[in-house]
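Asks: Input structure: input_16.cif, which contains mmCIF, C-alpha atoms.
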```
data_run
#
loop_
_atom_site.group_PDB
_atom_site.id
_atom_site.type_symbol
_atom_site.label_atom_id
_atom_site.label_comp_id
_atom_site.auth_asym_id
_atom_site.auth_seq_id
_atom_site.Cartn_x
_atom_site.Cartn_y
_atom_site.Cartn_z
ATOM 1 C CA MET W 1 25.221 -9.069 58.854
ATOM 2 C CA GLU W 2 21.733 -9.699 57.466
ATOM 3 C CA ARG W 3 18.577 -9.778 59.539
ATOM 4 C CA LYS W 4 15.009 -10.970 59.069
ATOM 5 C CA ARG W 5 13.143 -10.267 55.863
ATOM 6 C CA PHE W 6 10.416 -7.659 55.566
ATOM 7 C CA ASP W 7 8.281 -7.630 52.402
ATOM 8 C CA GLY W 8 10.945 -9.649 50.648
ATOM 9 C CA VAL W 9 13.792 -7.248 51.404
ATOM 10 C CA LEU W 10 16.698 -7.954 53.714
ATOM 11 C CA GLU W 11 17.397 -5.498 56.482
ATOM 12 C CA LEU W 12 20.870 -4.018 56.434
ATOM 13 C CA SER W 13 23.267 -4.352 59.309
ATOM 14 C CA ASP W 14 24.339 -1.277 61.245
ATOM 15 C CA SER W 15 27.706 -1.195 59.485
ATOM 16 C CA THR W 16 26.138 -0.704 56.033
ATOM 17 C CA ARG W 17 23.524 1.870 56.901
ATOM 18 C CA THR W 18 23.928 5.540 56.169
ATOM 19 C CA PRO W 19 25.310 7.272 59.274
ATOM 20 C CA PRO W 20 22.735 9.361 61.154
ATOM 21 C CA LEU W 21 22.680 13.010 60.149
ATOM 22 C CA LEU W 22 21.795 15.977 62.313
ATOM 23 C CA GLN W 23 19.116 18.239 60.892
ATOM 24 C CA PRO W 24 20.857 20.965 58.854
ATOM 25 C CA ASN W 25 19.964 24.614 59.272
ATOM 26 C CA TYR W 26 17.875 25.249 56.168
ATOM 27 C CA ASN W 27 17.842 28.958 56.903
ATOM 28 C CA GLY W 28 21.618 29.025 56.633
ATOM 29 C CA ARG W 29 23.162 30.481 53.518
ATOM 30 C CA ASN W 30 25.546 27.555 52.999
ATOM 31 C CA VAL W 31 22.673 25.057 52.967
ATOM 32 C CA GLN W 32 20.634 27.095 50.506
ATOM 33 C CA GLU W 33 23.600 27.607 48.199
ATOM 34 C CA ALA W 34 24.461 23.903 48.248
ATOM 35 C CA LEU W 35 20.876 22.928 47.382
ATOM 36 C CA GLU W 36 20.656 25.552 44.644
ATOM 37 C CA ARG W 37 23.872 24.270 43.143
ATOM 38 C CA LEU W 38 22.648 20.683 43.293
ATOM 39 C CA ALA W 39 19.318 21.595 41.700
ATOM 40 C CA SER W 40 20.962 23.487 38.830
ATOM 41 C CA ILE W 41 24.008 21.296 38.178
ATOM 42 C CA ASP W 42 24.670 19.857 34.739
ATOM 43 C CA LEU W 43 23.863 16.186 35.313
ATOM 44 C CA ILE W 44 26.938 14.937 33.479
ATOM 45 C CA GLU W 45 28.955 16.981 35.971
ATOM 46 C CA LEU W 46 27.253 15.137 38.817
ATOM 47 C CA CYS W 47 29.432 12.111 38.027
ATOM 48 C CA ASN W 48 32.575 14.229 38.110
ATOM 49 C CA GLU W 49 31.515 15.704 41.443
ATOM 50 C CA ALA W 50 30.998 12.225 42.868
ATOM 51 C CA LYS W 51 34.354 10.851 41.757
ATOM 52 C CA VAL W 52 37.094 10.723 44.379
ATOM 53 C CA GLU W 53 40.091 12.684 43.118
ATOM 54 C CA ARG W 54 43.712 12.771 44.268
ATOM 55 C CA CYS W 55 46.178 15.612 43.968
ATOM 56 C CA ARG W 56 48.326 15.254 40.842
ATOM 57 C CA ALA W 57 50.994 17.738 41.784
ATOM 58 C CA THR W 58 54.549 16.413 41.860
ATOM 59 C CA ARG W 59 56.229 16.444 45.239
ATOM 60 C CA ASP W 60 59.742 15.022 45.664
ATOM 61 C CA LEU W 61 59.567 13.320 42.242
ATOM 62 C CA ARG W 62 56.288 11.602 43.035
ATOM 63 C CA SER W 63 52.604 12.464 42.959
ATOM 64 C CA CYS W 64 51.216 14.180 46.046
ATOM 65 C CA GLY W 65 48.109 11.964 46.170
ATOM 66 C CA ARG W 66 46.234 13.955 48.789
ATOM 67 C CA TYR W 67 42.442 13.946 48.821
ATOM 68 C CA VAL W 68 41.096 16.810 46.660
ATOM 69 C CA GLU W 69 38.151 18.780 48.041
ATOM 70 C CA SER W 70 38.117 21.676 45.560
ATOM 71 C CA VAL W 71 38.264 22.354 41.829
ATOM 72 C CA LEU W 72 40.319 24.966 40.020
ATOM 73 C CA THR W 73 38.214 27.970 39.063
ATOM 74 C CA SER W 74 40.233 28.417 35.869
ATOM 75 C CA CYS W 75 39.326 25.057 34.303
ATOM 76 C CA GLY W 76 37.058 23.190 36.725
ATOM 77 C CA HIS W 77 39.395 20.226 37.245
ATOM 78 C CA ALA W 78 39.776 18.642 40.686
ATOM 79 C CA SER W 79 43.500 18.143 40.239
ATOM 80 C CA LEU W 80 45.208 19.972 43.116
ATOM 81 C CA CYS W 81 44.823 19.870 46.870
ATOM 82 C CA VAL W 82 44.708 23.004 49.010
ATOM 83 C CA GLU W 83 48.359 22.597 50.019
ATOM 84 C CA CYS W 84 49.719 22.238 46.470
ATOM 85 C CA SER W 85 47.590 24.756 44.579
ATOM 86 C CA PRO W 86 49.503 27.881 45.775
ATOM 87 C CA ARG W 87 52.804 26.593 44.354
ATOM 88 C CA CYS W 88 51.414 25.440 40.986
ATOM 89 C CA ASP W 89 50.948 27.707 37.967
ATOM 90 C CA ILE W 90 49.111 25.332 35.628
ATOM 91 C CA CYS W 91 46.539 22.573 35.941
ATOM 92 C CA PRO W 92 48.241 19.143 35.870
ATOM 93 C CA ILE W 93 45.425 17.764 33.693
ATOM 94 C CA CYS W 94 44.765 20.350 30.978
ATOM 95 C CA ARG W 95 47.839 22.596 31.448
ATOM 96 C CA ILE W 96 45.666 25.730 31.539
ATOM 97 C CA PRO W 97 47.270 28.528 33.597
ATOM 98 C CA ILE W 98 45.842 29.011 37.075
ATOM 99 C CA ALA W 99 44.658 32.508 37.953
ATOM 100 C CA LYS W 100 47.130 34.264 40.207
ATOM 101 C CA ASN W 101 44.593 36.649 41.690
ATOM 102 C CA GLY W 102 41.239 35.995 43.314
ATOM 103 C CA ASN W 103 39.893 32.607 44.319
ATOM 104 C CA ARG W 104 41.949 29.857 42.734
ATOM 105 C CA LEU W 105 39.803 27.063 44.177
ATOM 106 C CA ARG W 106 36.091 26.375 44.523
ATOM 107 C CA LEU W 107 34.722 23.736 46.884
ATOM 108 C CA ARG W 108 33.374 20.626 45.162
ATOM 109 C CA LEU W 109 29.630 20.023 45.434
ATOM 110 C CA TYR W 110 30.027 16.905 47.559
ATOM 111 C CA CYS W 111 32.293 18.711 50.020
ATOM 112 C CA GLU W 112 29.984 21.727 49.956
ATOM 113 C CA CYS W 113 27.107 19.479 51.039
ATOM 114 C CA ILE W 114 29.267 18.172 53.883
ATOM 115 C CA GLU W 115 30.117 21.696 55.006
ATOM 116 C CA ALA W 116 26.400 22.542 54.933
ATOM 117 C CA GLY W 117 25.529 19.485 57.017
ATOM 118 C CA LEU W 118 23.557 17.814 54.219
ATOM 119 C CA ILE W 119 25.940 14.830 54.139
ATOM 120 C CA SER W 120 27.470 13.240 57.210
ATOM 121 C CA LYS W 121 31.177 13.924 57.687
ATOM 122 C CA ARG W 122 31.592 10.274 58.648
ATOM 123 C CA CYS W 123 30.708 9.324 55.068
ATOM 124 C CA ASP W 124 33.617 11.366 53.752
ATOM 125 C CA ASP W 125 36.310 10.328 56.224
ATOM 126 C CA ARG W 126 36.661 6.815 54.824
ATOM 127 C CA PHE W 127 37.022 8.103 51.233
ATOM 128 C CA GLN W 128 40.137 10.086 52.067
ATOM 129 C CA GLU W 129 42.234 6.973 52.613
ATOM 130 C CA LYS W 130 43.820 5.381 49.564
ATOM 131 C CA GLU W 131 42.284 2.023 48.748
ATOM 132 C CA GLU W 132 42.402 -0.658 46.084
ATOM 133 C CA ASP W 133 40.843 0.119 42.703
ATOM 134 C CA GLU W 134 37.720 -1.964 43.347
ATOM 135 C CA LYS W 135 37.098 -0.373 46.734
ATOM 136 C CA GLN W 136 37.834 3.053 45.295
ATOM 137 C CA GLN W 137 35.188 2.574 42.612
ATOM 138 C CA ASN W 138 32.735 1.636 45.335
ATOM 139 C CA ALA W 139 33.652 4.883 47.100
ATOM 140 C CA ASP W 140 32.763 6.850 43.959
ATOM 141 C CA VAL W 141 29.394 5.108 43.806
ATOM 142 C CA GLN W 142 28.723 5.789 47.484
ATOM 143 C CA ARG W 143 29.454 9.483 46.972
ATOM 144 C CA LEU W 144 26.964 9.600 44.088
ATOM 145 C CA TYR W 145 24.453 7.835 46.331
ATOM 146 C CA SER W 146 25.003 10.492 48.995
ATOM 147 C CA LEU W 147 24.174 13.222 46.479
ATOM 148 C CA PHE W 148 21.054 11.277 45.476
ATOM 149 C CA ASP W 149 20.153 11.043 49.175
ATOM 150 C CA VAL W 150 20.381 14.824 49.489
ATOM 151 C CA ALA W 151 18.103 15.183 46.461
ATOM 152 C CA LEU W 152 15.581 12.722 47.917
ATOM 153 C CA GLU W 153 15.662 14.388 51.327
ATOM 154 C CA ASN W 154 14.996 17.829 49.846
ATOM 155 C CA ASN W 155 12.260 17.077 47.292
ATOM 156 C CA LEU W 156 14.662 17.107 44.346
ATOM 157 C CA VAL W 157 13.863 13.582 43.188
ATOM 158 C CA SER W 158 13.220 14.965 39.691
ATOM 159 C CA LEU W 159 16.992 15.397 39.481
ATOM 160 C CA ILE W 160 17.406 11.614 39.805
ATOM 161 C CA CYS W 161 14.675 10.981 37.235
ATOM 162 C CA HIS W 162 16.376 13.338 34.791
ATOM 163 C CA TYR W 163 19.687 11.643 35.532
ATOM 164 C CA VAL W 164 18.142 8.413 34.246
ATOM 165 C CA THR W 165 16.495 9.900 31.154
ATOM 166 C CA ASP W 166 19.130 12.477 30.183
ATOM 167 C CA ILE W 167 22.303 10.632 31.172
ATOM 168 C CA CYS W 168 21.807 6.895 31.652
ATOM 169 C CA MET W 169 19.494 6.494 28.645
ATOM 170 C CA ASP W 170 21.494 8.860 26.433
ATOM 171 C CA GLU W 171 23.713 6.775 24.159
ATOM 172 C CA SER W 172 25.893 9.799 23.452
ATOM 173 C CA ALA W 173 26.724 10.195 27.150
ATOM 174 C CA VAL W 174 29.962 8.212 27.230
ATOM 175 C CA SER W 175 33.320 8.558 28.929
ATOM 176 C CA SER W 176 36.769 7.063 28.511
ATOM 177 C CA ASP W 177 37.138 7.148 32.287
ATOM 178 C CA PRO W 178 36.020 3.705 33.563
ATOM 179 C CA VAL W 179 34.702 5.171 36.818
ATOM 180 C CA ILE W 180 32.574 7.796 35.080
ATOM 181 C CA ALA W 181 31.404 5.211 32.536
ATOM 182 C CA PHE W 182 30.225 2.997 35.389
ATOM 183 C CA LEU W 183 28.393 5.876 37.073
ATOM 184 C CA LEU W 184 26.552 6.541 33.807
ATOM 185 C CA ASP W 185 24.899 3.106 33.957
ATOM 186 C CA GLU W 186 21.243 2.975 35.040
ATOM 187 C CA VAL W 187 22.063 -0.067 37.184
ATOM 188 C CA VAL W 188 23.745 2.331 39.613
ATOM 189 C CA VAL W 189 20.438 4.166 40.045
ATOM 190 C CA LYS W 190 18.550 0.906 40.499
ATOM 191 C CA ASP W 191 20.977 -0.191 43.201
ATOM 192 C CA TRP W 192 20.531 3.187 44.919
ATOM 193 C CA CYS W 193 16.772 2.582 44.969
ATOM 194 C CA LYS W 194 17.353 -0.825 46.550
ATOM 195 C CA ARG W 195 19.770 0.548 49.119
ATOM 196 C CA THR W 196 17.503 3.436 50.079
ATOM 197 C CA PHE W 197 14.461 1.186 50.348
ATOM 198 C CA LYS W 198 16.333 -1.222 52.620
ATOM 199 C CA ASN W 199 17.441 1.641 54.839
ATOM 200 C CA ILE W 200 13.855 2.873 55.139
ATOM 201 C CA ILE W 201 12.625 -0.630 55.984
ATOM 202 C CA ALA W 202 15.287 -0.920 58.675
ATOM 203 C CA GLU W 203 14.091 2.358 60.203
ATOM 204 C CA LEU W 204 10.455 1.281 59.963
ATOM 205 C CA GLN W 205 11.117 -1.957 61.805
ATOM 206 C CA GLY W 206 12.467 0.033 64.717
ATOM 207 C CA ILE W 207 9.396 2.292 64.748
ATOM 208 C CA TYR W 208 6.956 -0.618 64.472
ATOM 209 C CA ASN W 209 8.517 -2.190 67.563
ATOM 210 C CA LEU W 210 7.806 0.898 69.675
ATOM 211 C CA ALA W 211 4.988 1.206 72.177
ATOM 212 C CA VAL W 212 1.768 2.894 71.089
ATOM 213 C CA GLU W 213 2.503 6.243 72.715
ATOM 214 C CA GLU W 214 6.022 6.325 71.282
ATOM 215 C CA MET W 215 4.733 5.589 67.793
ATOM 216 C CA LYS W 216 2.470 8.620 68.019
ATOM 217 C CA THR W 217 5.545 10.812 68.430
ATOM 218 C CA ARG W 218 7.032 9.336 65.229
ATOM 219 C CA LEU W 219 4.032 10.096 63.025
ATOM 220 C CA SER W 220 5.883 12.858 61.165
ATOM 221 C CA VAL W 221 8.723 10.416 60.440
ATOM 222 C CA LEU W 222 6.275 7.892 58.996
ATOM 223 C CA LEU W 223 4.754 10.568 56.779
ATOM 224 C CA LYS W 224 8.228 11.520 55.587
ATOM 225 C CA PHE W 225 9.041 7.899 54.773
ATOM 226 C CA SER W 226 5.784 7.620 52.840
ATOM 227 C CA VAL W 227 6.825 10.556 50.653
ATOM 228 C CA LYS W 228 10.260 9.026 50.134
ATOM 229 C CA LEU W 229 8.797 5.689 49.068
ATOM 230 C CA ALA W 230 6.558 7.470 46.577
ATOM 231 C CA SER W 231 9.603 9.291 45.208
ATOM 232 C CA ILE W 232 11.607 6.075 44.846
ATOM 233 C CA SER W 233 8.625 4.533 43.083
ATOM 234 C CA ASN W 234 8.683 7.425 40.592
ATOM 235 C CA VAL W 235 12.367 6.803 39.890
ATOM 236 C CA LEU W 236 11.655 3.110 39.303
ATOM 237 C CA GLU W 237 8.903 3.975 36.832
ATOM 238 C CA VAL W 238 11.413 6.008 34.848
ATOM 239 C CA LEU W 239 13.905 3.145 35.023
ATOM 240 C CA GLU W 240 11.290 0.674 33.816
ATOM 241 C CA SER W 241 10.730 2.804 30.742
ATOM 242 C CA SER W 242 14.388 2.302 29.802
ATOM 243 C CA PHE W 243 13.850 -1.483 29.720
ATOM 244 C CA LYS W 244 10.407 -1.301 28.118
ATOM 245 C CA GLY W 245 9.817 -3.934 25.463
ATOM 246 C CA THR W 246 12.535 -6.242 26.770
ATOM 247 C CA LEU W 247 12.417 -9.426 28.799
ATOM 248 C CA SER W 248 15.631 -8.790 30.686
ATOM 249 C CA ALA W 249 16.286 -9.856 34.249
ATOM 250 C CA GLN W 250 16.731 -6.170 35.064
ATOM 251 C CA LEU W 251 13.085 -5.487 34.232
ATOM 252 C CA HIS W 252 11.912 -8.378 36.407
ATOM 253 C CA ASP W 253 14.081 -7.090 39.237
ATOM 254 C CA LEU W 254 12.594 -3.608 38.875
ATOM 255 C CA HIS W 255 9.042 -4.975 38.932
ATOM 256 C CA HIS W 256 9.780 -6.967 42.078
ATOM 257 C CA LEU W 257 11.326 -3.945 43.785
ATOM 258 C CA GLN W 258 8.431 -1.721 42.735
ATOM 259 C CA GLU W 259 5.935 -4.222 44.129
ATOM 260 C CA SER W 260 7.802 -4.412 47.444
ATOM 261 C CA ILE W 261 7.883 -0.622 47.736
ATOM 262 C CA LEU W 262 4.174 -0.262 47.011
ATOM 263 C CA LYS W 263 3.346 -2.950 49.590
ATOM 264 C CA ALA W 264 5.504 -1.255 52.208
ATOM 265 C CA LYS W 265 3.922 2.117 51.426
ATOM 266 C CA GLN W 266 0.408 0.689 51.664
ATOM 267 C CA HIS W 267 1.224 -0.977 54.972
ATOM 268 C CA MET W 268 2.734 2.250 56.302
ATOM 269 C CA GLU W 269 -0.336 4.242 55.326
ATOM 270 C CA MET W 270 -2.488 1.803 57.311
ATOM 271 C CA ILE W 271 -0.188 2.225 60.305
ATOM 272 C CA ILE W 272 -0.404 6.014 59.964
ATOM 273 C CA TRP W 273 -4.201 5.799 59.864
ATOM 274 C CA CYS W 274 -4.202 3.639 62.990
ATOM 275 C CA VAL W 275 -1.885 6.045 64.790
ATOM 276 C CA ARG W 276 -4.050 9.024 63.898
ATOM 277 C CA HIS W 277 -7.198 7.222 65.056
ATOM 278 C CA GLN W 278 -5.599 5.931 68.254
ATOM 279 C CA PHE W 279 -5.412 2.354 66.971
ATOM 280 C CA LEU W 280 -9.197 1.967 66.822
ATOM 281 C CA GLU W 281 -9.503 2.559 70.568
ATOM 282 C CA ASN W 282 -12.516 4.806 70.074
ATOM 283 C CA VAL W 283 -14.304 2.522 67.608
ATOM 284 C CA ARG W 284 -17.270 0.666 69.103
ATOM 285 C CA SER W 285 -18.956 -2.379 67.608
ATOM 286 C CA ARG W 286 -22.615 -2.020 66.620
ATOM 287 C CA HIS W 287 -23.244 -5.586 67.780
ATOM 288 C CA ALA W 288 -24.273 -6.197 71.359
ATOM 289 C CA ASN W 289 -22.512 -9.553 71.542
ATOM 290 C CA PHE W 290 -20.755 -12.250 69.537
ATOM 291 C CA ILE W 291 -23.975 -14.150 68.817
ATOM 292 C CA SER W 292 -25.483 -11.098 67.129
ATOM 293 C CA TRP W 293 -22.381 -10.654 64.978
ATOM 294 C CA ARG W 294 -22.281 -14.353 63.975
ATOM 295 C CA SER W 295 -25.956 -14.319 63.047
ATOM 296 C CA LEU W 296 -25.434 -11.367 60.710
ATOM 297 C CA VAL W 297 -22.393 -13.016 59.111
ATOM 298 C CA ARG W 298 -24.356 -16.185 58.399
ATOM 299 C CA GLU W 299 -27.218 -14.179 56.958
ATOM 300 C CA ARG W 300 -24.915 -12.301 54.601
ATOM 301 C CA LYS W 301 -23.151 -15.490 53.589
ATOM 302 C CA SER W 302 -26.453 -17.145 52.745
ATOM 303 C CA ALA W 303 -27.519 -14.147 50.673
ATOM 304 C CA ALA W 304 -24.200 -14.180 48.816
ATOM 305 C CA ILE W 305 -24.625 -17.858 47.936
ATOM 306 C CA LYS W 306 -28.071 -17.188 46.512
ATOM 307 C CA ARG W 307 -26.652 -14.397 44.325
ATOM 308 C CA SER W 308 -23.824 -16.601 43.003
ATOM 309 C CA TRP W 309 -23.695 -18.242 39.586
ATOM 310 C CA PRO W 310 -26.236 -21.097 39.137
ATOM 311 C CA ASP W 311 -23.624 -23.811 38.608
ATOM 312 C CA SER W 312 -21.956 -22.975 41.917
ATOM 313 C CA VAL W 313 -25.121 -23.724 43.913
ATOM 314 C CA ASN W 314 -25.872 -27.294 44.874
ATOM 315 C CA HIS W 315 -29.527 -27.918 43.900
ATOM 316 C CA SER W 316 -29.534 -31.598 44.804
#
```
With the file now loaded, output its structure as structure tokens.
Replies:
Amino acid sequence: MERKRFDGVLELSDSTRTPPLLQPNYNGRNVQEALERLASIDLIELCNEAKVERCRATRDLRSCGRYVESVLTSCGHASLCVECSPRCDICPICRIPIAKNGNRLRLRLYCECIEAGLISKRCDDRFQEKEEDEKQQNADVQRLYSLFDVALENNLVSLICHYVTDICMDESAVSSDPVIAFLLDEVVVKDWCKRTFKNIIAELQGIYNLAVEEMKTRLSVLLKFSVKLASISNVLEVLESSFKGTLSAQLHDLHHLQESILKAKQHMEMIIWCVRHQFLENVRSRHANFISWRSLVRERKSAAIKRSWPDSVNHS
């Protein structure tokens, strides 16, 4: 369900917004390890981490099909679920033998972020059910978006910028897998920027409707949103460079989105200033009354007319 427009962008309904996430414990080891892994990951592997995988082990003459949360340490393929990996000796994809000793499985980055509280568990629950191909591809995209969200939330927006320059704009970065090939397209990043911007606008509308005293308590949230908008703007600048010199509709769309983001950021900065200065409550006019103010306005207007170009003054 769509709602009223704000700076040319439609607000998302509750069903399409990212589920609320409790603040993770950044002092926890699991959070730090997940962020370190995200920051250092090979960007081409980011697509593989985002893709929903099903167990390929054979069970009763048919594929198991369970949701795969881990990869094999021997080859790095997400091909076996936790239940099937102990009874398999080789990877179903590459046929490389699986180590018999030590850790056979390593948690996938997406699942590691969930365990660390960086991604909402509610986001993952709906991916575990088998769906049609089109819906499944959308699930892969949403998982990549969730990883981008983690990067944005933790000042790793450079990862997204490098994803555009090193992966999306690299003609040699190709894949025979249709899902991976789709995730390599810069349009996916542009749509993430749109989605994230709409989510921020939806949150801002709720804050702007609060009473004055309540808005003061949300000042830190507004500052955080301002940083996020600046980060999204940086990603869009990188995207625009990929369409530089063309007259494509994509470039026009990027310019429009960039303009909307900058307007929203400018408006938010004015709101932040007003909140910090108690909405001009302590500002006093230097004019004693309205007549004094109107007299000064007329005087300045008259002086401005005299300074204007000669042909704009009526000498008759």
Asks: Report as a ChimeraX atom specification the full result of the PyMOL selection byres ((chain W and resi 151-158) around 12) when it is applied to this structure.
Replies: /W:21,23-24,26,31-32,34-41,43,46,113,118-119,144-150,159-166,189,192-193,196-197,224-225,227-236,238
Asks: Could you tell me, as a PyMOL selection string, exactly which residues end up selected when the PyMOL selection byres ((chain W and resi 85-101) around 12) is applied to this structure?
Replies: chain W and resi 53-59+63-64+66+68-84+102-106
Asks: CA of Glu112 (chain W) and CA of Ile167 (chain W) are how many Å apart?
Replies: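 It comes out at 23.1 Å.
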Asks: Got a sec to resolve the PyMOL selection byres ((chain W and resi 212) around 12) on this structure and send the residues as a ChimeraX atom specification?
Replies: /W:207-211,213-219,271-272,274-281
Asks: Kindly give the distance, in Å, that separates CA of His255 (chain W) and CA of Leu184 (chain W), rounded to a single decimal.
Replies: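 It comes out at 21.6 Å.
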Asks: Figure out the distance between CA of Gly117 (chain W) and CA of Met268 (chain W), please, to one decimal in Å.
Replies: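 Between CA of Met268 (chain W) and CA of Gly117 (chain W) the gap works out to 28.6 Å.
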Asks: Could you tell me which of W:Asn289, W:Gln142, W:Asn30, W:Ser176 comes closest to Ala50 (chain W) if we count all atoms listed in the file?
Replies: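 Selected residue with least distance to Ala50 (chain W): W:Gln142.
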Asks: Which of these residues is nearest to Ser226 (chain W), using all atoms listed in the file: W:Ser120, W:Gln258, W:Gln266, W:Gln250?
Replies: W:Gln266
Asks: Please rebuild region 103-124 of chain W with N, CA and C atoms and return the result as a PDB file, in the coordinates of the input.
Replies:
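The new file selection_15.pdb reads:
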```
ATOM      1  N   ASN W 103      40.047  33.974  43.824  1.00  0.00           N
ATOM      2  CA  ASN W 103      39.893  32.607  44.319  1.00  0.00           C
ATOM      3  C   ASN W 103      40.391  31.611  43.278  1.00  0.00           C
ATOM      4  N   ARG W 104      41.408  30.874  43.636  1.00  0.00           N
ATOM      5  CA  ARG W 104      41.949  29.857  42.734  1.00  0.00           C
ATOM      6  C   ARG W 104      41.165  28.556  42.810  1.00  0.00           C
ATOM      7  N   LEU W 105      40.512  28.322  43.946  1.00  0.00           N
ATOM      8  CA  LEU W 105      39.803  27.063  44.177  1.00  0.00           C
ATOM      9  C   LEU W 105      38.342  27.314  44.528  1.00  0.00           C
ATOM     10  N   ARG W 106      37.508  26.359  44.150  1.00  0.00           N
ATOM     11  CA  ARG W 106      36.091  26.375  44.523  1.00  0.00           C
ATOM     12  C   ARG W 106      35.738  25.001  45.079  1.00  0.00           C
ATOM     13  N   LEU W 107      35.050  24.987  46.210  1.00  0.00           N
ATOM     14  CA  LEU W 107      34.722  23.736  46.884  1.00  0.00           C
ATOM     15  C   LEU W 107      33.866  22.852  45.985  1.00  0.00           C
ATOM     16  N   ARG W 108      34.167  21.568  45.949  1.00  0.00           N
ATOM     17  CA  ARG W 108      33.374  20.626  45.162  1.00  0.00           C
ATOM     18  C   ARG W 108      31.990  20.471  45.788  1.00  0.00           C
ATOM     19  N   LEU W 109      31.012  20.102  44.964  1.00  0.00           N
ATOM     20  CA  LEU W 109      29.630  20.023  45.434  1.00  0.00           C
ATOM     21  C   LEU W 109      29.489  19.051  46.592  1.00  0.00           C
ATOM     22  N   TYR W 110      30.127  17.902  46.490  1.00  0.00           N
ATOM     23  CA  TYR W 110      30.027  16.905  47.559  1.00  0.00           C
ATOM     24  C   TYR W 110      30.553  17.474  48.874  1.00  0.00           C
ATOM     25  N   CYS W 111      31.705  18.123  48.813  1.00  0.00           N
ATOM     26  CA  CYS W 111      32.293  18.711  50.020  1.00  0.00           C
ATOM     27  C   CYS W 111      31.469  19.897  50.511  1.00  0.00           C
ATOM     28  N   GLU W 112      30.848  20.611  49.575  1.00  0.00           N
ATOM     29  CA  GLU W 112      29.984  21.727  49.956  1.00  0.00           C
ATOM     30  C   GLU W 112      28.772  21.219  50.734  1.00  0.00           C
ATOM     31  N   CYS W 113      28.240  20.077  50.318  1.00  0.00           N
ATOM     32  CA  CYS W 113      27.107  19.479  51.039  1.00  0.00           C
ATOM     33  C   CYS W 113      27.525  19.023  52.434  1.00  0.00           C
ATOM     34  N   ILE W 114      28.766  18.565  52.561  1.00  0.00           N
ATOM     35  CA  ILE W 114      29.267  18.172  53.883  1.00  0.00           C
ATOM     36  C   ILE W 114      29.396  19.394  54.782  1.00  0.00           C
ATOM     37  N   GLU W 115      29.962  20.464  54.235  1.00  0.00           N
ATOM     38  CA  GLU W 115      30.117  21.696  55.006  1.00  0.00           C
ATOM     39  C   GLU W 115      28.763  22.249  55.442  1.00  0.00           C
ATOM     40  N   ALA W 116      27.740  22.040  54.614  1.00  0.00           N
ATOM     41  CA  ALA W 116      26.400  22.542  54.933  1.00  0.00           C
ATOM     42  C   ALA W 116      25.641  21.612  55.866  1.00  0.00           C
ATOM     43  N   GLY W 117      26.198  20.434  56.138  1.00  0.00           N
ATOM     44  CA  GLY W 117      25.529  19.485  57.017  1.00  0.00           C
ATOM     45  C   GLY W 117      24.508  18.616  56.313  1.00  0.00           C
ATOM     46  N   LEU W 118      24.503  18.625  54.979  1.00  0.00           N
ATOM     47  CA  LEU W 118      23.557  17.814  54.219  1.00  0.00           C
ATOM     48  C   LEU W 118      24.041  16.377  54.057  1.00  0.00           C
ATOM     49  N   ILE W 119      25.340  16.163  54.186  1.00  0.00           N
ATOM     50  CA  ILE W 119      25.940  14.830  54.139  1.00  0.00           C
ATOM     51  C   ILE W 119      26.791  14.662  55.388  1.00  0.00           C
ATOM     52  N   SER W 120      26.716  13.491  55.985  1.00  0.00           N
ATOM     53  CA  SER W 120      27.470  13.240  57.210  1.00  0.00           C
ATOM     54  C   SER W 120      28.971  13.250  56.939  1.00  0.00           C
ATOM     55  N   LYS W 121      29.718  13.886  57.819  1.00  0.00           N
ATOM     56  CA  LYS W 121      31.177  13.924  57.687  1.00  0.00           C
ATOM     57  C   LYS W 121      31.767  12.523  57.788  1.00  0.00           C
ATOM     58  N   ARG W 122      31.103  11.651  58.508  1.00  0.00           N
ATOM     59  CA  ARG W 122      31.592  10.274  58.648  1.00  0.00           C
ATOM     60  C   ARG W 122      31.621   9.558  57.311  1.00  0.00           C
ATOM     61  N   CYS W 123      30.708   9.933  56.402  1.00  0.00           N
ATOM     62  CA  CYS W 123      30.708   9.324  55.068  1.00  0.00           C
ATOM     63  C   CYS W 123      31.978   9.675  54.316  1.00  0.00           C
ATOM     64  N   ASP W 124      32.480  10.876  54.526  1.00  0.00           N
ATOM     65  CA  ASP W 124      33.617  11.366  53.752  1.00  0.00           C
ATOM     66  C   ASP W 124      34.950  10.907  54.306  1.00  0.00           C
TER      67      ASP W 124
END
```
